[in-house]
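Shown next: entry-v7.txt, containing compact mmCIF, C-alpha atoms and all ligand atoms.
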```txt
# COMPACT_ATOMS: atom_id res chain seq x y z
CA MET A 1 0.00 0.00 0.00
CA THR A 2 1.20 3.51 -0.81
CA THR A 3 2.26 5.51 2.24
CA ALA A 4 2.15 9.31 2.33
CA LEU A 5 3.12 12.12 4.69
CA VAL A 6 1.57 15.59 4.50
CA THR A 7 3.08 18.39 6.59
CA GLY A 8 0.96 21.16 8.12
CA ALA A 9 -2.06 18.95 7.68
CA ASN A 10 -4.26 19.67 10.69
CA LYS A 11 -6.32 22.20 8.70
CA GLY A 12 -6.72 24.00 5.40
CA ILE A 13 -5.39 22.55 2.15
CA GLY A 14 -3.15 20.04 3.94
CA LEU A 15 -6.12 18.46 5.70
CA GLU A 16 -7.94 18.15 2.37
CA ILE A 17 -4.87 16.55 0.77
CA VAL A 18 -4.91 13.99 3.58
CA LYS A 19 -8.58 13.19 3.00
CA GLN A 20 -8.14 12.83 -0.76
CA LEU A 21 -5.08 10.57 -0.45
CA ILE A 22 -6.95 8.39 2.05
CA ASP A 23 -9.85 8.20 -0.41
CA LEU A 24 -7.36 6.79 -2.93
CA GLY A 25 -6.50 4.02 -0.49
CA MET A 26 -3.19 5.37 0.81
CA THR A 27 -1.93 5.07 4.37
CA VAL A 28 -1.48 8.72 5.33
CA HIS A 29 0.63 10.23 8.08
CA LEU A 30 -0.82 13.59 9.07
CA GLY A 31 1.98 15.91 10.13
CA ALA A 32 1.15 18.71 12.54
CA ARG A 33 3.21 20.72 14.99
CA ASP A 34 0.51 20.83 17.66
CA PRO A 35 -0.36 17.38 19.09
CA GLU A 36 -3.89 18.30 20.10
CA ARG A 37 -4.83 19.74 16.70
CA GLY A 38 -3.01 16.95 14.91
CA GLU A 39 -4.55 14.10 16.91
CA LYS A 40 -8.02 15.52 16.36
CA ALA A 41 -7.55 15.91 12.60
CA ALA A 42 -6.11 12.40 12.37
CA ALA A 43 -9.03 10.95 14.32
CA ASP A 44 -11.48 12.80 12.05
CA THR A 45 -9.89 11.52 8.85
CA GLY A 46 -8.50 8.08 9.65
CA ALA A 47 -4.92 9.28 9.17
CA ARG A 48 -2.02 8.57 11.54
CA PHE A 49 -0.83 11.61 13.46
CA VAL A 50 2.87 12.39 13.47
CA GLN A 51 4.17 15.36 15.46
CA LEU A 52 6.29 17.43 13.13
CA ASP A 53 7.27 21.09 13.26
CA VAL A 54 9.02 21.76 9.96
CA ALA A 55 11.13 24.48 11.58
CA ASP A 56 12.31 22.15 14.36
CA PRO A 57 14.90 19.66 13.06
CA ALA A 58 14.64 17.49 16.19
CA SER A 59 10.93 16.94 15.70
CA VAL A 60 11.46 16.17 12.02
CA ARG A 61 14.17 13.64 12.93
CA ARG A 62 11.86 11.94 15.43
CA ALA A 63 9.09 11.81 12.83
CA ALA A 64 11.41 10.29 10.22
CA ASP A 65 12.66 7.70 12.71
CA SER A 66 9.08 6.70 13.48
CA LEU A 67 8.24 5.72 9.89
CA GLU A 68 9.37 2.52 8.21
CA ARG A 69 8.42 3.45 4.67
CA LEU A 70 7.32 6.45 2.66
CA ASP A 71 6.28 6.79 -0.98
CA VAL A 72 4.78 10.29 -1.08
CA LEU A 73 5.95 13.42 0.74
CA VAL A 74 3.83 16.56 0.50
CA ASN A 75 5.61 19.62 1.87
CA ASN A 76 2.47 21.63 2.52
CA ALA A 77 3.12 23.58 5.74
CA GLY A 78 3.46 27.28 5.06
CA ILE A 79 2.92 30.71 6.61
CA THR A 80 2.65 34.30 5.41
CA GLY A 81 4.09 35.77 8.59
CA GLY A 82 0.91 37.80 9.09
CA ARG A 83 2.68 40.97 7.99
CA LEU A 84 3.22 42.29 4.48
CA ASN A 85 6.94 43.17 4.59
CA SER A 86 6.79 45.20 1.39
CA PRO A 87 10.04 46.89 0.28
CA GLY A 88 10.71 49.86 2.56
CA ASP A 89 8.69 48.43 5.45
CA VAL A 90 10.36 45.21 6.49
CA ASP A 91 10.58 43.33 9.77
CA THR A 92 13.54 41.08 9.02
CA ALA A 93 12.85 38.79 11.99
CA ASN A 94 9.41 38.15 10.54
CA VAL A 95 10.88 37.54 7.08
CA ARG A 96 13.35 35.08 8.60
CA GLU A 97 10.52 33.19 10.31
CA VAL A 98 8.66 32.85 7.01
CA TYR A 99 11.77 31.58 5.23
CA GLU A 100 12.44 29.13 8.08
CA THR A 101 9.00 27.61 7.61
CA ASN A 102 8.49 27.89 3.85
CA VAL A 103 12.01 27.20 2.55
CA ILE A 104 14.29 25.73 5.22
CA GLY A 105 11.40 23.63 6.56
CA PRO A 106 10.82 21.71 3.32
CA ILE A 107 14.59 21.19 2.99
CA ILE A 108 14.84 19.80 6.55
CA VAL A 109 11.84 17.54 5.99
CA THR A 110 12.95 16.36 2.54
CA GLU A 111 16.48 15.56 3.76
CA ALA A 112 15.08 13.56 6.68
CA PHE A 113 12.71 11.48 4.57
CA LEU A 114 14.88 11.12 1.46
CA PRO A 115 16.34 7.74 2.48
CA LEU A 116 12.80 6.30 2.78
CA LEU A 117 11.66 7.92 -0.48
CA ARG A 118 14.68 6.53 -2.33
CA ARG A 119 13.71 3.03 -1.18
CA SER A 120 10.20 3.46 -2.62
CA ALA A 121 9.52 2.10 -6.09
CA HIS A 122 7.37 5.17 -6.83
CA GLY A 123 8.77 8.02 -4.72
CA ARG A 124 7.04 11.38 -5.11
CA ILE A 125 7.71 14.79 -3.56
CA VAL A 126 5.17 17.61 -3.87
CA ASN A 127 6.08 21.09 -2.67
CA MET A 128 3.10 23.38 -2.14
CA SER A 129 4.20 26.61 -3.75
CA SER A 130 2.31 29.54 -5.20
CA THR A 131 2.11 31.46 -8.46
CA VAL A 132 3.02 34.56 -6.42
CA GLY A 133 6.56 33.12 -6.40
CA SER A 134 6.75 33.02 -10.19
CA LEU A 135 9.42 35.45 -11.42
CA ALA A 136 7.87 35.47 -14.89
CA ASP A 137 5.24 38.09 -14.06
CA MET A 138 6.42 39.47 -10.73
CA MET A 139 6.96 43.00 -12.14
CA SER A 140 3.42 43.27 -13.42
CA ASN A 141 1.21 41.11 -11.24
CA ASP A 142 -1.24 42.42 -8.66
CA TYR A 143 -0.10 40.19 -5.81
CA PRO A 144 1.05 41.74 -2.51
CA ASP A 145 4.74 42.68 -2.70
CA SER A 146 5.74 40.67 0.36
CA LEU A 147 9.49 40.23 0.77
CA ALA A 148 8.63 37.34 3.11
CA TYR A 149 6.02 35.13 1.45
CA VAL A 150 6.67 35.84 -2.25
CA PRO A 151 10.41 35.08 -2.45
CA SER A 152 9.95 32.16 -0.05
CA LYS A 153 7.87 30.47 -2.76
CA THR A 154 10.36 31.48 -5.49
CA ALA A 155 13.07 29.81 -3.40
CA LEU A 156 10.88 26.76 -2.82
CA ASN A 157 10.51 26.44 -6.60
CA ALA A 158 14.30 26.43 -6.98
CA VAL A 159 14.57 23.85 -4.18
CA THR A 160 12.08 21.73 -6.12
CA VAL A 161 14.14 21.85 -9.31
CA LEU A 162 17.37 20.95 -7.53
CA TYR A 163 15.86 17.91 -5.80
CA ALA A 164 14.37 16.82 -9.12
CA LYS A 165 17.79 17.17 -10.75
CA LYS A 166 19.64 15.20 -8.07
CA GLU A 167 16.97 12.52 -7.53
CA PRO A 168 16.03 11.24 -10.99
CA GLY A 169 14.44 8.16 -9.43
CA LEU A 170 11.77 10.33 -7.80
CA ARG A 171 9.13 12.64 -9.30
CA VAL A 172 9.65 16.02 -7.59
CA ASN A 173 7.31 18.87 -8.47
CA ALA A 174 5.88 22.12 -7.15
CA GLY A 175 2.14 22.77 -7.16
CA CYS A 176 0.00 25.86 -6.75
CA PRO A 177 -3.46 25.29 -5.23
CA GLY A 178 -4.91 28.55 -6.52
CA TYR A 179 -6.41 31.20 -4.25
CA CYS A 180 -8.26 29.10 -1.65
CA ALA A 181 -10.32 30.24 1.32
CA THR A 182 -8.27 29.20 4.35
CA ASP A 183 -6.91 30.73 7.56
CA LEU A 184 -3.83 31.75 5.55
CA ASN A 185 -5.78 34.55 3.85
CA ASN A 186 -8.61 35.04 6.37
CA HIS A 187 -10.80 32.97 4.07
CA ASN A 188 -10.72 35.53 1.27
CA GLY A 189 -9.78 32.94 -1.35
CA ILE A 190 -12.19 32.10 -4.14
CA ARG A 191 -11.54 28.34 -4.28
CA THR A 192 -12.20 25.74 -1.62
CA ALA A 193 -9.37 24.03 0.24
CA ALA A 194 -10.57 20.77 -1.29
CA GLN A 195 -10.14 22.22 -4.78
CA GLY A 196 -6.68 23.47 -3.82
CA ALA A 197 -5.71 19.99 -2.67
CA GLY A 198 -6.35 18.59 -6.14
CA ILE A 199 -3.02 19.59 -7.69
CA ALA A 200 -1.10 18.01 -4.80
CA VAL A 201 -2.98 14.76 -5.31
CA THR A 202 -2.32 14.88 -9.05
CA LEU A 203 1.42 15.37 -8.49
CA ALA A 204 1.49 12.74 -5.71
CA THR A 205 0.04 10.12 -8.03
CA LEU A 206 2.02 10.77 -11.21
CA ASP A 207 2.98 7.79 -13.32
CA ASP A 208 6.59 6.65 -13.13
CA ASP A 209 7.26 8.34 -16.50
CA GLY A 210 5.48 11.52 -15.38
CA PRO A 211 7.19 14.91 -15.26
CA THR A 212 9.72 15.95 -12.63
CA GLY A 213 11.18 19.37 -11.81
CA GLY A 214 8.04 21.23 -12.87
CA PHE A 215 5.57 23.76 -11.46
CA TYR A 216 1.87 23.11 -12.00
CA ASP A 217 -1.64 24.15 -11.13
CA ASP A 218 -4.94 22.64 -12.24
CA ASN A 219 -4.54 24.26 -15.66
CA GLY A 220 -1.12 22.76 -16.37
CA ALA A 221 2.46 24.06 -16.27
CA ILE A 222 3.15 27.48 -14.71
CA ALA A 223 5.96 29.74 -15.88
CA TRP A 224 8.75 29.93 -13.26
N1 LIG B 1 -4.63 29.32 0.65
C1 LIG B 1 -4.15 29.77 -0.52
O1 LIG B 1 -4.80 30.53 -1.25
C2 LIG B 1 -2.78 29.32 -0.98
C3 LIG B 1 -2.36 29.77 -2.24
C4 LIG B 1 -1.11 29.35 -2.70
C5 LIG B 1 -0.32 28.52 -1.92
N2 LIG B 1 -0.77 28.12 -0.69
C6 LIG B 1 0.10 27.24 0.10
O2 LIG B 1 -0.61 26.07 0.49
C7 LIG B 1 -0.09 25.60 1.74
C8 LIG B 1 -1.23 25.39 2.72
O3 LIG B 1 -1.83 26.65 2.94
P1 LIG B 1 -3.28 26.83 3.62
O4 LIG B 1 -3.97 27.88 2.84
O5 LIG B 1 -3.91 25.53 3.83
O6 LIG B 1 -2.84 27.49 5.02
P2 LIG B 1 -3.42 27.31 6.51
O7 LIG B 1 -4.86 27.00 6.48
O8 LIG B 1 -2.94 28.51 7.25
O9 LIG B 1 -2.66 26.00 7.04
C9 LIG B 1 -1.27 26.03 7.18
C10 LIG B 1 -0.85 24.77 7.87
O10 LIG B 1 0.59 24.80 8.03
C11 LIG B 1 0.86 24.51 9.39
N3 LIG B 1 2.16 25.04 9.79
C12 LIG B 1 2.58 26.31 9.83
N4 LIG B 1 3.83 26.38 10.29
C13 LIG B 1 4.21 25.10 10.56
C14 LIG B 1 5.38 24.50 11.07
N5 LIG B 1 6.45 25.24 11.43
N6 LIG B 1 5.43 23.16 11.18
C15 LIG B 1 4.37 22.40 10.84
N7 LIG B 1 3.22 22.90 10.39
C16 LIG B 1 3.15 24.25 10.25
C17 LIG B 1 -0.29 25.08 10.17
O11 LIG B 1 -0.34 24.52 11.47
P3 LIG B 1 -0.97 25.32 12.74
O12 LIG B 1 -2.46 25.06 12.70
O13 LIG B 1 -0.28 24.68 13.91
O14 LIG B 1 -0.64 26.77 12.57
C18 LIG B 1 -1.44 24.63 9.28
O15 LIG B 1 -1.73 23.28 9.52
C19 LIG B 1 0.94 26.64 2.21
O16 LIG B 1 2.24 26.21 1.86
C20 LIG B 1 0.56 27.87 1.40
O17 LIG B 1 1.64 28.76 1.21
C21 LIG B 1 -1.98 28.50 -0.20
```

Just give me the structure as structure tokens.
Ligand SMILES: NC(=O)c1ccc[n+]([C@@H]2O[C@H](COP(=O)([O-])OP(=O)(O)OC[C@H]3O[C@@H](n4cnc5c(N)ncnc54)[C@H](OP(=O)(O)O)[C@@H]3O)[C@@H](O)[C@H]2O)c1
Amino acid sequence: MTTALVTGANKGIGLEIVKQLIDLGMTVHLGARDPERGEKAAADTGARFVQLDVADPASVRRAADSLERLDVLVNNAGITGGRLNSPGDVDTANVREVYETNVIGPIIVTEAFLPLLRRSAHGRIVNMSSTVGSLADMMSNDYPDSLAYVPSKTALNAVTVLYAKKEPGLRVNAGCPGYCATDLNNHNGIRTAAQGAGIAVTLATLDDDGPTGGFYDDNGAIAW
């Protein structure tokens, strides 16, 4: 049976990814930093809770040591920092916190679970990114000019490409869920979290000859 781990999965898009992977028959480990929230979400979905704070290497190590196999890793946990940090008005400590979670976190988690993923016959890594991180239209788009969240997703895209390059036996891709109504944006998004989960499920279930090192949403490839 295929085994998956989703980080930041006690709510929002991560929780919906968990539900959809379980519906496909996978054994799913629901990663959450808070045991109470994580245990509850796992009990509600039939997933297995694993305590995992992506910014805390010790907790990631413990989580990796507790699993015997892994086929699918979804690096979903992410934060905005709750502050815009536009050029000229930056709280660098806040920016650092966002990078720790959105960029360093997925690297810590991926490094910890890579040995298990390499042993899988169908290893997949999905990094939940965002079109706001796309450099292609950053000069002209209408997205908030956050020096925290926006470049964190640009960096996550580069991290995705480098893992894809070094791990040709895996399928490693970045996905954008679209603008979904979750706590991340005070529920201003226009899609549901369940809709946003769809691209992660698509990338988690790619065929062995499927793409790697790409960036996708429900409409197909996104310009970097
Ligand atoms: N919503 C959108 O429109 C949208 C658009 C593009 C991309 N995305 C991306 O999609 C992903 C999920 O976003 P969402 O909208 O579902 O956000 P959300 O509802 O705010 O959920 C974020 C999840 O990440 C967890 N998390 C935060 N920091 C963590 C850490 N250090 N360790 C472990 N878990 C941590 C949160 O846990 P707690 O409950 O403990 O805080 C929560 O479970 C993020 O990477 C986000 O950037 C979202």

Exercise. To one decimal place, how far is CA of Thr154 (chain A) from CA of Ala121 (chain A) in Å?
Worked result: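 Result for CA of Thr154 (chain A) versus CA of Ala121 (chain A): 29.4 Å, one decimal.
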
For this session: Considering all atoms listed in the file, state which residue in the set A:Asn102, A:Thr205, A:Thr212, A:Gln20 is at the smallest distance from Asn76 (chain A).
Result: A:Asn102

Give me the residues of chain A that have any atom at most 7 Å from an atom of ligand LIG 1 (chain B); for each, the nearest atom pair and the distance in Å, rounded to one decimal. Use only C-alpha atoms and all ligand atoms, sort by chain and number, and format it as JSON lines.
```
{"residue": "A:Thr7", "atom": "CA", "partner": "B:LIG1", "partner_atom": "N7", "distance": 5.9}
{"residue": "A:Gly8", "atom": "CA", "partner": "B:LIG1", "partner_atom": "C11", "distance": 3.6}
{"residue": "A:Ala9", "atom": "CA", "partner": "B:LIG1", "partner_atom": "O15", "distance": 4.7}
{"residue": "A:Asn10", "atom": "CA", "partner": "B:LIG1", "partner_atom": "O15", "distance": 4.6}
{"residue": "A:Lys11", "atom": "CA", "partner": "B:LIG1", "partner_atom": "O15", "distance": 4.8}
{"residue": "A:Gly12", "atom": "CA", "partner": "B:LIG1", "partner_atom": "O5", "distance": 3.6}
{"residue": "A:Ile13", "atom": "CA", "partner": "B:LIG1", "partner_atom": "O5", "distance": 3.7}
{"residue": "A:Gly14", "atom": "CA", "partner": "B:LIG1", "partner_atom": "O5", "distance": 5.5}
{"residue": "A:Gly31", "atom": "CA", "partner": "B:LIG1", "partner_atom": "C15", "distance": 7.0}
{"residue": "A:Ala32", "atom": "CA", "partner": "B:LIG1", "partner_atom": "N7", "distance": 5.1}
{"residue": "A:Arg33", "atom": "CA", "partner": "B:LIG1", "partner_atom": "C15", "distance": 4.6}
{"residue": "A:Asp34", "atom": "CA", "partner": "B:LIG1", "partner_atom": "O13", "distance": 5.4}
{"residue": "A:Leu52", "atom": "CA", "partner": "B:LIG1", "partner_atom": "C15", "distance": 5.8}
{"residue": "A:Asp53", "atom": "CA", "partner": "B:LIG1", "partner_atom": "N6", "distance": 3.5}
{"residue": "A:Val54", "atom": "CA", "partner": "B:LIG1", "partner_atom": "N6", "distance": 4.0}
{"residue": "A:Ala55", "atom": "CA", "partner": "B:LIG1", "partner_atom": "N5", "distance": 4.7}
{"residue": "A:Asn76", "atom": "CA", "partner": "B:LIG1", "partner_atom": "O16", "distance": 4.6}
{"residue": "A:Ala77", "atom": "CA", "partner": "B:LIG1", "partner_atom": "O10", "distance": 3.6}
{"residue": "A:Gly78", "atom": "CA", "partner": "B:LIG1", "partner_atom": "O16", "distance": 3.6}
{"residue": "A:Ile79", "atom": "CA", "partner": "B:LIG1", "partner_atom": "C12", "distance": 5.5}
{"residue": "A:Thr101", "atom": "CA", "partner": "B:LIG1", "partner_atom": "N5", "distance": 5.2}
{"residue": "A:Asn102", "atom": "CA", "partner": "B:LIG1", "partner_atom": "O16", "distance": 6.8}
{"residue": "A:Met128", "atom": "CA", "partner": "B:LIG1", "partner_atom": "O16", "distance": 5.0}
{"residue": "A:Ser129", "atom": "CA", "partner": "B:LIG1", "partner_atom": "C5", "distance": 5.2}
{"residue": "A:Ser130", "atom": "CA", "partner": "B:LIG1", "partner_atom": "C4", "distance": 4.2}
{"residue": "A:Thr131", "atom": "CA", "partner": "B:LIG1", "partner_atom": "C4", "distance": 6.9}
{"residue": "A:Cys176", "atom": "CA", "partner": "B:LIG1", "partner_atom": "C4", "distance": 5.5}
{"residue": "A:Pro177", "atom": "CA", "partner": "B:LIG1", "partner_atom": "C4", "distance": 5.3}
{"residue": "A:Gly178", "atom": "CA", "partner": "B:LIG1", "partner_atom": "C3", "distance": 5.1}
{"residue": "A:Tyr179", "atom": "CA", "partner": "B:LIG1", "partner_atom": "O1", "distance": 3.5}
{"residue": "A:Cys180", "atom": "CA", "partner": "B:LIG1", "partner_atom": "O1", "distance": 3.8}
{"residue": "A:Ala181", "atom": "CA", "partner": "B:LIG1", "partner_atom": "N1", "distance": 5.8}
{"residue": "A:Thr182", "atom": "CA", "partner": "B:LIG1", "partner_atom": "O7", "distance": 4.6}
{"residue": "A:Asp183", "atom": "CA", "partner": "B:LIG1", "partner_atom": "O7", "distance": 4.4}
{"residue": "A:Leu184", "atom": "CA", "partner": "B:LIG1", "partner_atom": "O8", "distance": 3.8}
{"residue": "A:Asn185", "atom": "CA", "partner": "B:LIG1", "partner_atom": "N1", "distance": 6.2}
{"residue": "A:Gly189", "atom": "CA", "partner": "B:LIG1", "partner_atom": "O1", "distance": 5.5}
{"residue": "A:Ala193", "atom": "CA", "partner": "B:LIG1", "partner_atom": "O5", "distance": 6.7}
```

Exercise. Just how far from CA of Asp142 (chain A) is CA of Ala93 (chain A), in Å to one decimal?
Worked result: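 Taking CA of Ala93 (chain A) as the start and CA of Asp142 (chain A) as the end point, the length is 25.3 Å.
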
Problem set entry | Between CA of Ile104 (chain A) and CA of Asn186 (chain A) - distance in Å to one decimal |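 Answer for the CA of Asn186 (chain A) to CA of Ile104 (chain A) separation: 24.7 Å.
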
For this session: Within 7 Å of Val98 (chain A), counting all atoms listed in the file, which residues show up once you throw out same-chain ones fewer than 2 positions away? Write them as a PyMOL selection string, please.
Result: chain A and resi 79-81+94-96+100-102+148-149

For those residues, write C-alpha atoms to a file as a compact mmCIF listing (two decimals), in the frame of the given file.
```
# COMPACT_ATOMS: atom_id res chain seq x y z
CA ILE A 79 2.92 30.71 6.61
CA THR A 80 2.65 34.30 5.41
CA GLY A 81 4.09 35.77 8.59
CA ASN A 94 9.41 38.15 10.54
CA VAL A 95 10.88 37.54 7.08
CA ARG A 96 13.35 35.08 8.60
CA GLU A 100 12.44 29.13 8.08
CA THR A 101 9.00 27.61 7.61
CA ASN A 102 8.49 27.89 3.85
CA ALA A 148 8.63 37.34 3.11
CA TYR A 149 6.02 35.13 1.45
```

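If only C-alpha atoms are the atoms counted, then among A:Leu116, A:Leu206, A:Leu84, A:Ile108 the closest residue to Tyr143 (chain A) is A:Leu84.
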
Problem set entry | Who sits within 10 Å of Lys19 (chain A), only C-alpha atoms, same chain under 3 positions skipped, as a PyMOL selection string | chain A and resi 9+13-16+22-24+26+28+30+42+44-47+194+197

Problem set entry | For Val126 (chain A), the nearest of the candidates A:Leu156, A:Ile107, A:Met138, A:Ala174, counting only C-alpha atoms | A:Ala174

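Nearest to Ser66 (chain A) of all the residues A:Ala164, A:Ala112, A:Ala158, A:Val18 is A:Ala112, counting only C-alpha atoms.
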
Problem set entry | Long-range neighbours of Gly214 (chain A) as number ranges by chain, 8 Å cut-off, all atoms listed in the file, 5 positions minimum in chain | A: 160-161, 172-174, 221

For this session: Please tell me which residues are no farther than 9 Å from (9.0, 5.3, -8.7) in the file, counting all atoms listed in the file, and write them as a ChimeraX atom specification.
Result: /A:71,118,120-124,169-171,207-209

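Each of A:Lys153, A:Arg69, A:Arg62, A:Arg37 was checked against Gly133 (chain A) using only C-alpha atoms; the smallest atom-to-atom distance is that of A:Lys153.
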
Mind working out the centre and edge lengths of an axis-aligned box for region 48-64 of chain A, all listed atoms inside, 6 Å added to each side, rounded to one decimal in Å and written as lines of an AutoDock Vina configuration file?
```
center_x = 6.4
center_y = 16.5
center_z = 13.1
size_x = 28.9
size_y = 27.9
size_z = 18.2
```

Requested file, region 53-116 of chain A restricted to C-alpha atoms, as a compact mmCIF listing (two decimals), in the first residue's frame:
```
# COMPACT_ATOMS: atom_id res chain seq x y z
CA ASP A 53 7.27 21.09 13.26
CA VAL A 54 9.02 21.76 9.96
CA ALA A 55 11.13 24.48 11.58
CA ASP A 56 12.31 22.15 14.36
CA PRO A 57 14.90 19.66 13.06
CA ALA A 58 14.64 17.49 16.19
CA SER A 59 10.93 16.94 15.70
CA VAL A 60 11.46 16.17 12.02
CA ARG A 61 14.17 13.64 12.93
CA ARG A 62 11.86 11.94 15.43
CA ALA A 63 9.09 11.81 12.83
CA ALA A 64 11.41 10.29 10.22
CA ASP A 65 12.66 7.70 12.71
CA SER A 66 9.08 6.70 13.48
CA LEU A 67 8.24 5.72 9.89
CA GLU A 68 9.37 2.52 8.21
CA ARG A 69 8.42 3.45 4.67
CA LEU A 70 7.32 6.45 2.66
CA ASP A 71 6.28 6.79 -0.98
CA VAL A 72 4.78 10.29 -1.08
CA LEU A 73 5.95 13.42 0.74
CA VAL A 74 3.83 16.56 0.50
CA ASN A 75 5.61 19.62 1.87
CA ASN A 76 2.47 21.63 2.52
CA ALA A 77 3.12 23.58 5.74
CA GLY A 78 3.46 27.28 5.06
CA ILE A 79 2.92 30.71 6.61
CA THR A 80 2.65 34.30 5.41
CA GLY A 81 4.09 35.77 8.59
CA GLY A 82 0.91 37.80 9.09
CA ARG A 83 2.68 40.97 7.99
CA LEU A 84 3.22 42.29 4.48
CA ASN A 85 6.94 43.17 4.59
CA SER A 86 6.79 45.20 1.39
CA PRO A 87 10.04 46.89 0.28
CA GLY A 88 10.71 49.86 2.56
CA ASP A 89 8.69 48.43 5.45
CA VAL A 90 10.36 45.21 6.49
CA ASP A 91 10.58 43.33 9.77
CA THR A 92 13.54 41.08 9.02
CA ALA A 93 12.85 38.79 11.99
CA ASN A 94 9.41 38.15 10.54
CA VAL A 95 10.88 37.54 7.08
CA ARG A 96 13.35 35.08 8.60
CA GLU A 97 10.52 33.19 10.31
CA VAL A 98 8.66 32.85 7.01
CA TYR A 99 11.77 31.58 5.23
CA GLU A 100 12.44 29.13 8.08
CA THR A 101 9.00 27.61 7.61
CA ASN A 102 8.49 27.89 3.85
CA VAL A 103 12.01 27.20 2.55
CA ILE A 104 14.29 25.73 5.22
CA GLY A 105 11.40 23.63 6.56
CA PRO A 106 10.82 21.71 3.32
CA ILE A 107 14.59 21.19 2.99
CA ILE A 108 14.84 19.80 6.55
CA VAL A 109 11.84 17.54 5.99
CA THR A 110 12.95 16.36 2.54
CA GLU A 111 16.48 15.56 3.76
CA ALA A 112 15.08 13.56 6.68
CA PHE A 113 12.71 11.48 4.57
CA LEU A 114 14.88 11.12 1.46
CA PRO A 115 16.34 7.74 2.48
CA LEU A 116 12.80 6.30 2.78
```
